[in-house]
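Student: Dropping in data09.csv, which is CSV, C-alpha atoms and all ligand atoms:
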```csv
chain,number,residue,atom,x,y,z
A,1,MET,CA,214.0,49.4,94.4
A,2,THR,CA,210.5,50.2,95.6
A,3,TYR,CA,210.2,53.9,96.5
A,4,LYS,CA,208.0,55.3,99.3
A,5,VAL,CA,207.4,58.4,97.1
A,6,ARG,CA,207.3,57.8,93.4
A,7,PHE,CA,208.4,60.5,90.9
A,8,VAL,CA,205.0,60.2,89.2
A,9,ASN,CA,202.0,58.0,89.8
A,10,PRO,CA,199.9,57.7,86.6
A,11,GLY,CA,197.8,54.9,88.0
A,12,ARG,CA,196.7,57.0,90.9
A,13,LEU,CA,195.7,59.9,88.6
A,14,TYR,CA,193.8,57.5,86.4
A,15,LYS,CA,191.7,56.4,89.3
A,16,LEU,CA,190.8,60.0,90.0
A,17,LEU,CA,189.6,60.6,86.4
A,18,LYS,CA,188.4,57.1,85.7
A,19,ASP,CA,184.8,57.8,85.0
A,20,GLU,CA,185.5,60.5,82.5
A,21,LEU,CA,188.4,58.8,80.8
A,22,ASP,CA,186.5,55.5,80.5
A,23,GLN,CA,183.6,57.3,79.0
A,24,ALA,CA,185.8,59.0,76.4
A,25,TYR,CA,187.3,55.6,75.7
A,26,PHE,CA,183.9,53.9,75.2
A,27,GLU,CA,182.7,56.6,72.9
A,28,VAL,CA,185.7,56.4,70.6
A,29,MET,CA,185.7,52.6,70.7
A,30,THR,CA,182.1,52.0,70.0
A,31,ARG,CA,182.0,54.5,67.1
A,32,GLY,CA,185.4,53.3,65.8
A,33,ASP,CA,186.6,56.9,65.5
A,34,PHE,CA,190.3,56.5,65.5
A,35,ILE,CA,191.7,59.0,62.9
A,36,ASP,CA,190.9,62.7,62.6
A,37,ARG,CA,187.5,62.9,64.1
A,38,GLU,CA,185.4,65.1,66.3
A,39,GLN,CA,187.5,64.4,69.4
A,40,LEU,CA,190.7,65.7,67.7
A,41,ARG,CA,188.9,68.8,66.5
A,42,SER,CA,187.4,69.5,69.9
A,43,PHE,CA,190.8,69.1,71.6
A,44,GLU,CA,192.5,71.4,69.0
A,45,GLU,CA,189.9,74.1,69.6
A,46,ASN,CA,190.2,73.9,73.4
A,47,LEU,CA,194.0,73.9,73.2
A,48,ALA,CA,194.1,76.9,70.9
A,49,ARG,CA,191.7,78.7,73.3
A,50,PHE,CA,193.8,77.8,76.3
A,51,VAL,CA,197.1,79.0,74.7
A,52,GLY,CA,195.5,82.0,73.1
A,53,THR,CA,196.2,81.3,69.4
A,54,ARG,CA,193.9,81.0,66.4
A,55,TYR,CA,194.9,77.5,65.5
A,56,ALA,CA,196.1,74.3,67.1
A,57,VAL,CA,197.1,71.3,65.0
A,58,GLY,CA,197.4,67.9,66.8
A,59,LEU,CA,200.5,65.9,66.0
A,60,ASN,CA,202.2,62.7,67.1
A,61,SER,CA,204.8,64.3,69.3
A,62,GLY,CA,206.6,67.4,70.4
A,63,TYR,CA,209.4,66.5,68.1
A,64,ASP,CA,207.0,66.5,65.1
A,65,ALA,CA,205.8,69.9,66.2
A,66,LEU,CA,209.3,71.3,66.1
A,67,HIS,CA,210.2,69.5,62.9
A,68,LEU,CA,207.1,70.6,61.0
A,69,SER,CA,207.5,74.2,62.3
A,70,LEU,CA,210.9,74.4,60.7
A,71,ARG,CA,209.7,72.8,57.5
A,72,ALA,CA,206.8,75.2,57.3
A,73,VAL,CA,209.1,78.1,56.8
A,74,GLY,CA,211.6,76.2,54.6
A,75,ILE,CA,214.5,76.2,57.1
A,76,GLY,CA,217.0,73.7,55.8
A,77,SER,CA,220.5,73.1,54.4
A,78,GLY,CA,222.8,76.1,54.8
A,79,ASP,CA,220.7,77.7,57.6
A,80,GLU,CA,221.5,78.1,61.2
A,81,VAL,CA,219.1,77.9,64.1
A,82,ILE,CA,219.9,79.1,67.6
A,83,VAL,CA,219.1,76.6,70.4
A,84,PRO,CA,219.9,76.4,74.1
A,85,ALA,CA,222.8,74.2,75.2
A,86,HIS,CA,220.6,72.8,78.0
A,87,THR,CA,217.5,71.2,76.6
A,88,PHE,CA,215.9,67.9,75.7
A,89,LEU,CA,217.7,66.6,72.6
A,90,ALA,CA,214.5,66.7,70.4
A,91,THR,CA,214.8,70.5,70.2
A,92,VAL,CA,218.2,70.1,68.5
A,93,SER,CA,217.4,67.0,66.5
A,94,ALA,CA,214.6,68.8,64.7
A,95,VAL,CA,217.1,71.4,63.5
A,96,ALA,CA,219.6,68.8,62.4
A,97,ASN,CA,217.0,66.6,60.7
A,98,VAL,CA,215.9,69.4,58.3
A,99,GLY,CA,219.5,69.8,57.3
A,100,ALA,CA,220.1,73.0,59.2
A,101,THR,CA,222.9,73.7,61.7
A,102,PRO,CA,222.1,74.0,65.4
A,103,VAL,CA,224.0,76.8,67.0
A,104,LEU,CA,224.2,76.4,70.8
A,105,VAL,CA,223.9,79.2,73.3
A,106,ASP,CA,224.5,78.7,77.1
A,107,VAL,CA,221.6,79.1,79.5
A,108,GLY,CA,221.2,81.3,82.6
A,109,LYS,CA,220.3,80.6,86.2
A,110,ASP,CA,216.7,80.0,85.3
A,111,PHE,CA,217.7,77.1,83.0
A,112,ASN,CA,216.5,79.1,79.9
A,113,ILE,CA,218.6,80.5,77.0
A,114,ASP,CA,220.8,83.4,78.2
A,115,VAL,CA,219.4,86.3,76.2
A,116,ASP,CA,222.7,88.3,76.7
A,117,ARG,CA,224.5,85.6,74.7
A,118,ILE,CA,222.2,85.3,71.7
A,119,GLU,CA,223.5,88.2,69.7
A,120,GLU,CA,227.1,86.9,69.5
A,121,ALA,CA,225.7,83.6,68.1
A,122,ILE,CA,223.9,85.3,65.2
A,123,THR,CA,225.6,85.2,61.7
A,124,ASP,CA,224.3,86.0,58.3
A,125,ARG,CA,223.1,82.4,58.0
A,126,THR,CA,220.9,82.5,61.1
A,127,ARG,CA,217.3,82.0,60.2
A,128,GLY,CA,215.6,81.1,63.4
A,129,ILE,CA,215.7,80.7,67.1
A,130,ILE,CA,214.1,78.1,69.3
A,131,PRO,CA,213.7,79.4,72.9
A,132,VAL,CA,212.9,76.5,75.2
A,133,HIS,CA,210.7,77.2,78.2
A,134,LEU,CA,212.2,74.6,80.4
A,135,ASN,CA,210.7,73.1,83.5
A,136,GLY,CA,207.6,75.2,83.4
A,137,TYR,CA,209.1,78.7,83.3
A,138,MET,CA,209.3,80.8,80.2
A,139,ALA,CA,212.4,82.2,78.5
A,140,ASP,CA,212.3,86.0,78.3
A,141,MET,CA,210.1,86.3,75.2
A,142,ILE,CA,209.9,90.1,75.4
A,143,ARG,CA,213.6,90.4,74.8
A,144,ILE,CA,213.8,87.5,72.4
A,145,THR,CA,211.0,88.9,70.3
A,146,GLU,CA,212.9,92.2,70.1
A,147,LEU,CA,216.1,90.5,69.0
A,148,ALA,CA,214.2,88.4,66.5
A,149,LYS,CA,212.6,91.5,64.9
A,150,ARG,CA,215.9,93.2,64.7
A,151,TYR,CA,217.6,90.3,63.0
A,152,ARG,CA,214.5,89.1,61.1
A,153,LEU,CA,214.6,85.7,62.7
A,154,ILE,CA,211.8,83.2,62.9
A,155,ILE,CA,210.8,82.1,66.5
A,156,VAL,CA,209.7,78.6,67.1
A,157,GLU,CA,208.8,78.2,70.8
A,158,ASP,CA,209.7,74.9,72.4
A,159,ALA,CA,206.9,75.1,75.0
A,160,CYS,CA,206.8,71.3,75.6
A,161,GLN,CA,207.3,71.8,79.3
A,162,SER,CA,205.4,75.0,79.9
A,163,LEU,CA,201.7,74.6,79.1
A,164,GLY,CA,199.9,77.4,81.1
A,165,ALA,CA,203.0,79.5,81.9
A,166,SER,CA,202.9,83.1,80.9
A,167,GLN,CA,204.8,86.3,80.6
A,168,ASN,CA,202.9,89.6,81.1
A,169,GLY,CA,199.7,87.5,81.1
A,170,ARG,CA,200.5,86.2,77.6
A,171,ARG,CA,200.8,82.4,77.5
A,172,ALA,CA,203.7,80.4,76.3
A,173,GLY,CA,203.2,79.1,72.8
A,174,SER,CA,201.5,82.3,71.6
A,175,TRP,CA,204.6,84.4,71.0
A,176,GLY,CA,206.5,82.7,68.3
A,177,LEU,CA,205.4,81.8,64.7
A,178,THR,CA,204.5,78.5,66.4
A,179,GLY,CA,204.4,77.0,69.9
A,180,CYS,CA,205.4,73.4,70.1
A,181,TRP,CA,203.7,71.0,72.5
A,182,SER,CA,204.3,67.5,73.8
A,183,PHE,CA,201.7,65.3,75.5
A,184,TYR,CA,204.2,62.6,76.4
A,185,PRO,CA,202.7,60.9,79.5
A,186,PHE,CA,204.8,62.8,82.1
A,187,LYS,CA,204.3,66.3,80.7
A,188,ILE,CA,202.0,68.6,82.6
A,189,LEU,CA,199.3,67.6,80.2
A,190,GLY,CA,200.1,64.0,79.4
A,191,GLY,CA,198.3,61.4,77.3
A,192,TYR,CA,198.6,57.7,77.4
A,193,GLY,CA,201.3,57.4,74.8
A,194,ASP,CA,203.0,59.9,72.5
A,195,GLY,CA,201.3,63.1,71.4
A,196,GLY,CA,202.0,66.7,70.4
A,197,ALA,CA,200.7,69.8,68.8
A,198,ILE,CA,201.5,73.1,67.1
A,199,THR,CA,199.7,76.3,68.1
A,200,THR,CA,199.9,79.3,65.8
A,201,ASP,CA,198.1,82.4,64.5
A,202,ASP,CA,199.4,81.8,61.0
A,203,SER,CA,196.8,80.1,58.8
A,204,SER,CA,199.3,79.0,56.2
A,205,VAL,CA,201.5,77.3,58.9
A,206,ALA,CA,198.4,75.6,60.3
A,207,LEU,CA,197.3,74.4,56.9
A,208,PHE,CA,200.9,73.2,56.1
A,209,ALA,CA,201.0,71.2,59.4
A,210,ARG,CA,197.5,69.7,58.8
A,211,ARG,CA,198.6,68.4,55.4
A,212,MET,CA,202.0,67.3,56.3
A,213,ARG,CA,200.8,65.3,59.3
A,214,TYR,CA,198.7,63.3,56.8
A,215,ASN,CA,201.3,62.5,54.1
A,216,GLY,CA,200.8,65.8,52.5
A,217,GLU,CA,197.2,65.2,51.7
A,218,ASP,CA,194.4,67.7,51.8
A,219,ARG,CA,191.7,65.5,53.2
A,220,GLU,CA,188.9,67.3,51.6
A,221,THR,CA,190.1,67.3,48.0
A,222,GLY,CA,192.5,64.4,48.1
A,223,ASP,CA,195.2,66.5,46.5
A,224,TYR,CA,198.8,65.9,47.7
A,225,HIS,CA,200.7,69.1,48.5
A,226,GLY,CA,204.1,67.7,48.9
A,227,HIS,CA,205.9,64.7,50.5
A,228,GLY,CA,204.7,64.6,54.0
A,229,PHE,CA,204.7,62.4,57.1
A,230,THR,CA,202.5,60.3,59.2
A,231,CYS,CA,202.3,62.1,62.5
A,232,LEU,CA,198.7,62.8,63.4
A,233,LEU,CA,197.6,63.0,67.0
A,234,ASP,CA,195.5,59.9,67.5
A,235,ASN,CA,191.8,60.6,68.0
A,236,LEU,CA,191.7,58.4,71.2
A,237,GLN,CA,194.6,60.4,72.7
A,238,ALA,CA,192.8,63.6,71.8
A,239,ALA,CA,189.7,62.4,73.6
A,240,PHE,CA,191.8,61.7,76.8
A,241,LEU,CA,193.7,65.0,76.5
A,242,ASP,CA,190.4,66.9,76.1
A,243,VAL,CA,189.2,65.5,79.5
A,244,LYS,CA,192.5,66.3,81.2
A,245,LEU,CA,192.8,69.8,79.8
A,246,ARG,CA,189.7,70.8,81.8
A,247,TYR,CA,191.6,70.1,85.0
A,248,LEU,CA,194.8,71.8,84.0
A,249,PRO,CA,194.1,75.2,85.6
A,250,ALA,CA,193.4,73.5,89.0
A,251,TRP,CA,196.4,71.2,88.6
A,252,ILE,CA,198.7,74.2,88.0
A,253,LEU,CA,197.5,75.7,91.2
A,254,LYS,CA,198.2,72.5,93.0
A,255,ARG,CA,201.7,72.4,91.6
A,256,ARG,CA,202.3,75.9,92.8
A,257,GLN,CA,201.2,75.0,96.3
A,258,ILE,CA,203.6,72.1,96.4
A,259,ALA,CA,206.4,74.4,95.1
A,260,GLU,CA,205.6,76.8,97.9
A,261,ARG,CA,205.8,74.1,100.5
A,262,TYR,CA,209.2,73.0,99.2
A,263,ARG,CA,210.4,76.6,99.1
A,264,TYR,CA,209.3,77.3,102.7
A,265,ALA,CA,210.9,74.0,103.9
A,266,PHE,CA,214.2,74.5,102.1
A,267,GLN,CA,214.7,78.3,102.2
A,268,ASN,CA,217.3,78.2,104.9
A,269,ILE,CA,219.5,75.6,103.2
A,270,LYS,CA,222.3,77.7,101.7
A,271,ASP,CA,223.8,75.0,99.6
A,272,LEU,CA,220.5,74.1,97.8
A,273,GLN,CA,219.4,76.4,95.0
A,274,LEU,CA,215.7,76.4,94.4
A,275,PRO,CA,213.8,77.2,91.2
A,276,HIS,CA,212.1,80.4,92.4
A,277,TYR,CA,213.0,83.5,90.5
A,278,ASP,CA,212.2,87.1,91.2
A,279,SER,CA,210.9,88.2,87.8
A,280,ALA,CA,207.5,89.8,88.4
A,281,ASP,CA,206.4,89.4,84.8
A,282,ARG,CA,206.6,85.6,84.5
A,283,ASP,CA,204.9,82.8,86.4
A,284,HIS,CA,206.0,79.2,86.9
A,285,VAL,CA,203.8,76.2,86.3
A,286,TYR,CA,206.4,73.7,87.8
A,287,GLN,CA,206.4,71.0,85.2
A,288,ASN,CA,209.5,70.0,87.1
A,289,TYR,CA,210.8,71.2,90.4
A,290,VAL,CA,214.6,71.1,89.8
A,291,VAL,CA,216.9,71.9,92.6
A,292,ARG,CA,220.7,72.4,92.4
A,293,ALA,CA,222.9,70.8,94.9
A,294,LYS,CA,226.7,71.2,95.0
A,295,ASP,CA,227.2,67.5,94.4
A,296,GLY,CA,224.1,66.5,92.5
A,297,ASP,CA,225.0,62.8,92.5
A,298,ALA,CA,225.5,62.5,96.3
A,299,PHE,CA,222.3,64.4,96.8
A,300,SER,CA,220.1,62.3,94.5
A,301,ASP,CA,221.7,59.1,95.8
A,302,HIS,CA,220.7,60.1,99.3
A,303,LEU,CA,217.1,60.7,98.2
A,304,LYS,CA,216.9,57.4,96.4
A,305,ARG,CA,218.4,55.5,99.2
A,306,ASN,CA,215.8,57.0,101.5
A,307,GLY,CA,212.8,56.0,99.3
A,308,ILE,CA,212.4,59.2,97.2
A,309,GLU,CA,212.3,58.6,93.5
A,310,VAL,CA,214.0,61.5,91.7
A,311,LEU,CA,215.0,62.3,88.1
A,312,VAL,CA,218.2,63.7,86.9
A,313,GLN,CA,218.0,65.7,83.6
A,314,TRP,CA,220.7,65.7,82.4
A,315,ARG,CA,224.1,64.6,83.9
A,316,LYS,CA,225.9,64.7,80.5
A,317,PRO,CA,225.2,67.6,78.3
A,318,TYR,CA,223.8,66.4,74.9
A,319,TYR,CA,226.6,68.1,72.9
A,320,ARG,CA,229.1,65.8,74.6
A,321,HIS,CA,227.6,62.7,73.0
A,322,LYS,CA,230.0,62.2,70.1
A,323,ALA,CA,227.5,60.6,67.7
A,324,LEU,CA,225.5,63.8,67.5
A,325,GLY,CA,228.4,65.6,65.8
A,326,LEU,CA,227.9,68.9,67.8
A,327,PHE,CA,230.6,71.2,69.1
A,328,ASP,CA,231.4,71.8,72.7
A,329,HIS,CA,232.1,75.5,73.0
A,330,GLY,CA,232.3,75.4,76.7
A,331,PHE,CA,229.0,76.4,78.3
A,332,PRO,CA,229.8,77.1,81.9
A,333,GLU,CA,226.2,77.4,83.2
A,334,THR,CA,225.1,74.3,81.4
A,335,GLU,CA,228.1,72.4,82.8
A,336,ALA,CA,227.3,73.5,86.3
A,337,ILE,CA,223.7,72.6,85.9
A,338,SER,CA,224.5,69.2,84.6
A,339,ARG,CA,226.6,68.4,87.7
A,340,GLU,CA,224.1,69.8,90.2
A,341,VAL,CA,220.5,69.1,89.0
A,342,CYS,CA,218.0,66.9,90.7
A,343,SER,CA,214.2,66.9,90.1
A,344,LEU,CA,212.1,66.3,93.2
A,345,PRO,CA,208.7,64.6,92.9
A,346,MET,CA,206.2,67.2,91.6
A,347,ASN,CA,202.9,66.1,90.4
A,348,VAL,CA,199.2,66.5,91.2
A,349,GLU,CA,198.9,62.9,92.5
A,350,LEU,CA,201.3,63.6,95.5
A,351,ASP,CA,199.5,63.4,98.8
A,352,ASP,CA,200.3,65.4,102.0
A,353,GLU,CA,202.2,62.6,103.6
A,354,GLU,CA,204.5,62.1,100.6
A,355,ILE,CA,205.3,65.9,100.4
A,356,VAL,CA,206.2,65.8,104.1
A,357,GLN,CA,208.4,62.7,103.4
A,358,VAL,CA,210.3,64.4,100.6
A,359,ILE,CA,210.9,67.5,102.7
A,360,LYS,CA,212.2,65.4,105.6
A,361,VAL,CA,214.6,63.4,103.5
A,362,VAL,CA,216.0,66.5,101.7
A,363,ARG,CA,216.5,68.3,105.0
A,364,SER,CA,218.2,65.2,106.5
A,365,TYR,CA,220.9,65.4,103.8
A,366,TYR,CA,221.9,68.9,105.0
A,367,LEU,CA,221.0,68.9,108.6
A,368,SER,CA,222.3,65.6,109.9
A,401,LIG,C1,209.3,66.4,75.8
A,401,LIG,C2,210.0,67.5,75.2
A,401,LIG,C3,210.2,67.5,73.8
A,401,LIG,C4,209.8,66.4,72.8
A,401,LIG,O1,208.6,65.9,73.0
A,401,LIG,P1,208.2,64.4,72.5
A,401,LIG,O2,206.7,64.5,72.5
A,401,LIG,O3,208.8,63.5,73.4
A,401,LIG,O4,208.7,64.3,71.1
A,401,LIG,C5,210.9,68.6,73.2
A,401,LIG,N1,211.4,69.6,74.0
A,401,LIG,C6,211.3,69.6,75.3
A,401,LIG,C7,211.8,70.7,76.1
A,401,LIG,C8,210.6,68.5,75.9
A,401,LIG,O5,210.5,68.5,77.3
```
Mind turning the file's structure into C-alpha cells?
Ligand SMILES: *Cc1c(COP(=O)(O)O)cnc(C)c1O

Tutor:
Amino acid sequence: MTYKVRFVNPGRLYKLLKDELDQAYFEVMTRGDFIDREQLRSFEENLARFVGTRYAVGLNSGYDALHLSLRAVGIGSGDEVIVPAHTFLATVSAVANVGATPVLVDVGKDFNIDVDRIEEAITDRTRGIIPVHLNGYMADMIRITELAKRYRLIIVEDACQSLGASQNGRRAGSWGLTGCWSFYPFKILGGYGDGGAITTDDSSVALFARRMRYNGEDRETGDYHGHGFTCLLDNLQAAFLDVKLRYLPAWILKRRQIAERYRYAFQNIKDLQLPHYDSADRDHVYQNYVVRAKDGDAFSDHLKRNGIEVLVQWRKPYYRHKALGLFDHGFPETEAISREVCSLPMNVELDDEEIVQVIKVVRSYYLS
C-alpha cells in the first residue's frame, strides 16, 4: 500500500541536510577514518554537553548501552532489576542477558513506570531499576531517585526515546548512574544504521564502557581489562550524528508545534486519549505521538485505509511471548495500552498539508 502520509520520511530529511551530510561522508571516506577517530570524540563531547553529563561513550546500539551499564556495576546472576511492563524488549533483554532477573512493574497513564508500584516489587535481591522515558516523556525521576536512595538501588535510565526531554530543567540521561541512548534511524536523533551511547558522570563507568566496547582493550596501552565486546559507535555514524545533533533543539520545537496542532484538533474527541499531561515539571519531546482509542485496531485500520501510515507499539505485551520465559502478573494499564495504542505520524519532515490530512482522517473516524 502506498500511503499519502508516511510515518517517517528519511529520504526527505536527507535532502534537507544533504550538503552537510555529504561533506561529513567525504571527509571520513577520503581520510579512511572508520574506527574511533576525531568524529567519534567530537560527537561524544557534544552529546555529553547536550545531556549535561561529564562523559558520553559511543556504542553500537541502545541495547549495548543498557547491557554495558549493568555489567559496569556487576549486576548478574541472583540479582533482580525492576523494569516497566510496557517498554521495548531491549530494556528487559539487557537484564536477562547478564543473568539477572527482570521484575516487571505496571505503567501509569503516561506510559512510564508507575512509581506507586515500585516499592512492592523491591526484595532483598533488588539491585537496580531501569526507568524508561517512553515516547519522549520522562518517568518521574525525582521520586524514583528518592526510592533508589532509600533502597540503595542503582538507576540505569533507558532514555532511548527521550533525548532533550527534562524534568525541572535537568535532562533525561543525566539522573541515573548512566543514561542509555539509541540512534536507531527512527529515533529523535537517528543515524543511518544502528548506534547508541552511554552518558554518565562516573569516570570509572565511562572507562569501563570505553574498554568493553573494544574487546576489553585499553587502546593506549594495549592492555586487556577483561573479556569485552565489539560494540563501538562507527566513526562514520558519529560524523552524521554530530551534524544532526546541531539541529535537534529546532527539531524538538517543531515536534512540539505538531503536537499542539494535534491537540487542538482532537481536544473535543472524548474517546481519544492524547499524550498531553499536566505535570508542570516535565516537558515532552514527542519522539512518538501515541494516542489511545477504545478499539485500537479499528482506529489504526481506518487510518491506514485512508492513506495514513501509523505504527502500533505494541499490541501484544512482551511478557506474553512464551519464549522469553517471563511471568504475566496481570498489568492492567499495560494491557489496556496494548489494546488501544496507535502512533500518529510525528517527525520533522512532515509538511503542512500532511498534518492537515492526518487531522482530517482521525476526525473522520469519530465524526462521520
Ligand atoms: C530503541 C530502544 C532501545 C534499543 O535501542 P537499539 O539501538 O535498537 O538497541 C531500548 N529501549 C527503548 C525504550 C528504545 O526505544

Student: Please list as JSON, numbers by chain every residue within 8 Å of A:Ser343, counting all atoms listed in the file and excluding residues in the same chain fewer than 4 positions away.

Tutor: {"A": [288, 289, 290, 291, 310, 311, 312, 313]}

Student: For a test of reading the model, state the distance in Å between atom CA of A:Cys180 and atom CA of A:Arg282, rounded to one decimal.

Tutor: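 One can read the atom CA of A:Cys180 to atom CA of A:Arg282 distance as 18.9 Å.
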
Student: Within 9 Å of ligand LIG 401 (chain A), counting only C-alpha atoms and all ligand atoms, which protein or nucleic acid residues do you find, written as a PyMOL selection string?

Tutor: chain A and resi 60-66+87-92+132-135+158-162+180-187+194-197

Student: At a cut-off of 12 Å around the point (192.8, 72.7, 64.4) (file coordinates), what residues fall inside when counting all atoms listed in the file? I'd like the answer as an mmCIF file with C-alpha atoms, in the coordinates of the input.

Tutor:
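Result file is selection.cif:
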```
data_model
loop_
_atom_site.group_PDB
_atom_site.id
_atom_site.type_symbol
_atom_site.label_atom_id
_atom_site.label_comp_id
_atom_site.auth_asym_id
_atom_site.auth_seq_id
_atom_site.Cartn_x
_atom_site.Cartn_y
_atom_site.Cartn_z
ATOM 1 C CA ASP A 36 190.900 62.700 62.600
ATOM 2 C CA ARG A 37 187.500 62.900 64.100
ATOM 3 C CA GLU A 38 185.400 65.100 66.300
ATOM 4 C CA GLN A 39 187.500 64.400 69.400
ATOM 5 C CA LEU A 40 190.700 65.700 67.700
ATOM 6 C CA ARG A 41 188.900 68.800 66.500
ATOM 7 C CA SER A 42 187.400 69.500 69.900
ATOM 8 C CA PHE A 43 190.800 69.100 71.600
ATOM 9 C CA GLU A 44 192.500 71.400 69.000
ATOM 10 C CA GLU A 45 189.900 74.100 69.600
ATOM 11 C CA ASN A 46 190.200 73.900 73.400
ATOM 12 C CA LEU A 47 194.000 73.900 73.200
ATOM 13 C CA ALA A 48 194.100 76.900 70.900
ATOM 14 C CA ARG A 49 191.700 78.700 73.300
ATOM 15 C CA THR A 53 196.200 81.300 69.400
ATOM 16 C CA ARG A 54 193.900 81.000 66.400
ATOM 17 C CA TYR A 55 194.900 77.500 65.500
ATOM 18 C CA ALA A 56 196.100 74.300 67.100
ATOM 19 C CA VAL A 57 197.100 71.300 65.000
ATOM 20 C CA GLY A 58 197.400 67.900 66.800
ATOM 21 C CA LEU A 59 200.500 65.900 66.000
ATOM 22 C CA ALA A 197 200.700 69.800 68.800
ATOM 23 C CA ILE A 198 201.500 73.100 67.100
ATOM 24 C CA THR A 199 199.700 76.300 68.100
ATOM 25 C CA THR A 200 199.900 79.300 65.800
ATOM 26 C CA ASP A 201 198.100 82.400 64.500
ATOM 27 C CA ASP A 202 199.400 81.800 61.000
ATOM 28 C CA SER A 203 196.800 80.100 58.800
ATOM 29 C CA VAL A 205 201.500 77.300 58.900
ATOM 30 C CA ALA A 206 198.400 75.600 60.300
ATOM 31 C CA LEU A 207 197.300 74.400 56.900
ATOM 32 C CA PHE A 208 200.900 73.200 56.100
ATOM 33 C CA ALA A 209 201.000 71.200 59.400
ATOM 34 C CA ARG A 210 197.500 69.700 58.800
ATOM 35 C CA ARG A 211 198.600 68.400 55.400
ATOM 36 C CA LEU A 232 198.700 62.800 63.400
ATOM 37 C CA LEU A 233 197.600 63.000 67.000
ATOM 38 C CA ALA A 238 192.800 63.600 71.800
#
```

Student: May I ask which of the residues A:Ile129, A:Ala280, A:Leu253, A:Ile359 is the closest one to A:Gln267, counting only C-alpha atoms?

Tutor: A:Ile359

Student: Mind pulling up the distance from atom CA of A:Ile35 to atom CA of A:Ser204?

Tutor: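 Interatomic distance, atom CA of A:Ser204 to atom CA of A:Ile35: 22.4 Å.
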
Student: With distances taken over all atoms listed in the file, which of A:Thr145, A:Lys15, A:Glu27, A:Ser338 is nearest to A:Tyr319?

Tutor: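 Closest to A:Tyr319, using all atoms listed in the file: A:Ser338.
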
Student: May I ask for the distance between atom CA of A:Asp218 and atom CA of A:Arg71, given in Å to one decimal place?

Tutor: 17.1 Å

Student: Do a neighbour search on A:Ser166 at 8 Å with only C-alpha atoms, toss out local chain neighbours closer than 3 positions, and write the hits as a ChimeraX atom specification.

Tutor: /A:137-138,169-172,282-284

Student: Pick out the residues sitting within 10 Å of A:Lys4, and hand them over as a PyMOL selection string; count only C-alpha atoms, and ignore anything fewer than 5 positions along from it in its own chain.

Tutor: chain A and resi 304+306-309+354+357-358

Student: Which residue gives the smallest distance to A:Arg143 among A:Arg127, A:Arg117, A:Gly164, A:Ser69, with all atoms listed in the file counted?

Tutor: A:Arg117

Student: Would you mind completing stretch 235-248 of chain A to N, CA and C atoms and writing the output as an mmCIF file, in the frame of the given file?

Tutor:
```cif
data_model
loop_
_atom_site.group_PDB
_atom_site.id
_atom_site.type_symbol
_atom_site.label_atom_id
_atom_site.label_comp_id
_atom_site.auth_asym_id
_atom_site.auth_seq_id
_atom_site.Cartn_x
_atom_site.Cartn_y
_atom_site.Cartn_z
ATOM 1 N N ASN A 235 193.079 60.071 67.557
ATOM 2 C CA ASN A 235 191.800 60.600 68.000
ATOM 3 C C ASN A 235 191.533 60.117 69.490
ATOM 4 N N LEU A 236 191.944 58.899 69.817
ATOM 5 C CA LEU A 236 191.700 58.400 71.200
ATOM 6 C C LEU A 236 192.550 59.223 72.183
ATOM 7 N N GLN A 237 193.788 59.515 71.836
ATOM 8 C CA GLN A 237 194.600 60.400 72.700
ATOM 9 C C GLN A 237 193.968 61.747 72.866
ATOM 10 N N ALA A 238 193.470 62.277 71.748
ATOM 11 C CA ALA A 238 192.800 63.600 71.800
ATOM 12 C C ALA A 238 191.643 63.596 72.749
ATOM 13 N N ALA A 239 190.888 62.497 72.729
ATOM 14 C CA ALA A 239 189.700 62.400 73.600
ATOM 15 C C ALA A 239 190.169 62.417 75.084
ATOM 16 N N PHE A 240 191.240 61.696 75.393
ATOM 17 C CA PHE A 240 191.800 61.700 76.800
ATOM 18 C C PHE A 240 192.298 63.083 77.157
ATOM 19 N N LEU A 241 193.045 63.666 76.233
ATOM 20 C CA LEU A 241 193.700 65.000 76.500
ATOM 21 C C LEU A 241 192.602 66.051 76.733
ATOM 22 N N ASP A 242 191.501 65.929 75.993
ATOM 23 C CA ASP A 242 190.400 66.900 76.100
ATOM 24 C C ASP A 242 189.826 66.843 77.543
ATOM 25 N N VAL A 243 189.718 65.643 78.079
ATOM 26 C CA VAL A 243 189.200 65.500 79.500
ATOM 27 C C VAL A 243 190.230 66.144 80.419
ATOM 28 N N LYS A 244 191.509 65.825 80.241
ATOM 29 C CA LYS A 244 192.500 66.300 81.200
ATOM 30 C C LYS A 244 192.732 67.806 81.124
ATOM 31 N N LEU A 245 192.582 68.363 79.927
ATOM 32 C CA LEU A 245 192.800 69.800 79.800
ATOM 33 C C LEU A 245 191.866 70.620 80.675
ATOM 34 N N ARG A 246 190.661 70.097 80.899
ATOM 35 C CA ARG A 246 189.700 70.800 81.800
ATOM 36 C C ARG A 246 190.226 70.958 83.193
ATOM 37 N N TYR A 247 191.079 70.026 83.596
ATOM 38 C CA TYR A 247 191.600 70.100 85.000
ATOM 39 C C TYR A 247 192.894 70.866 85.087
ATOM 40 N N LEU A 248 193.469 71.219 83.953
ATOM 41 C CA LEU A 248 194.800 71.800 84.000
ATOM 42 C C LEU A 248 194.922 73.053 84.876
#
```
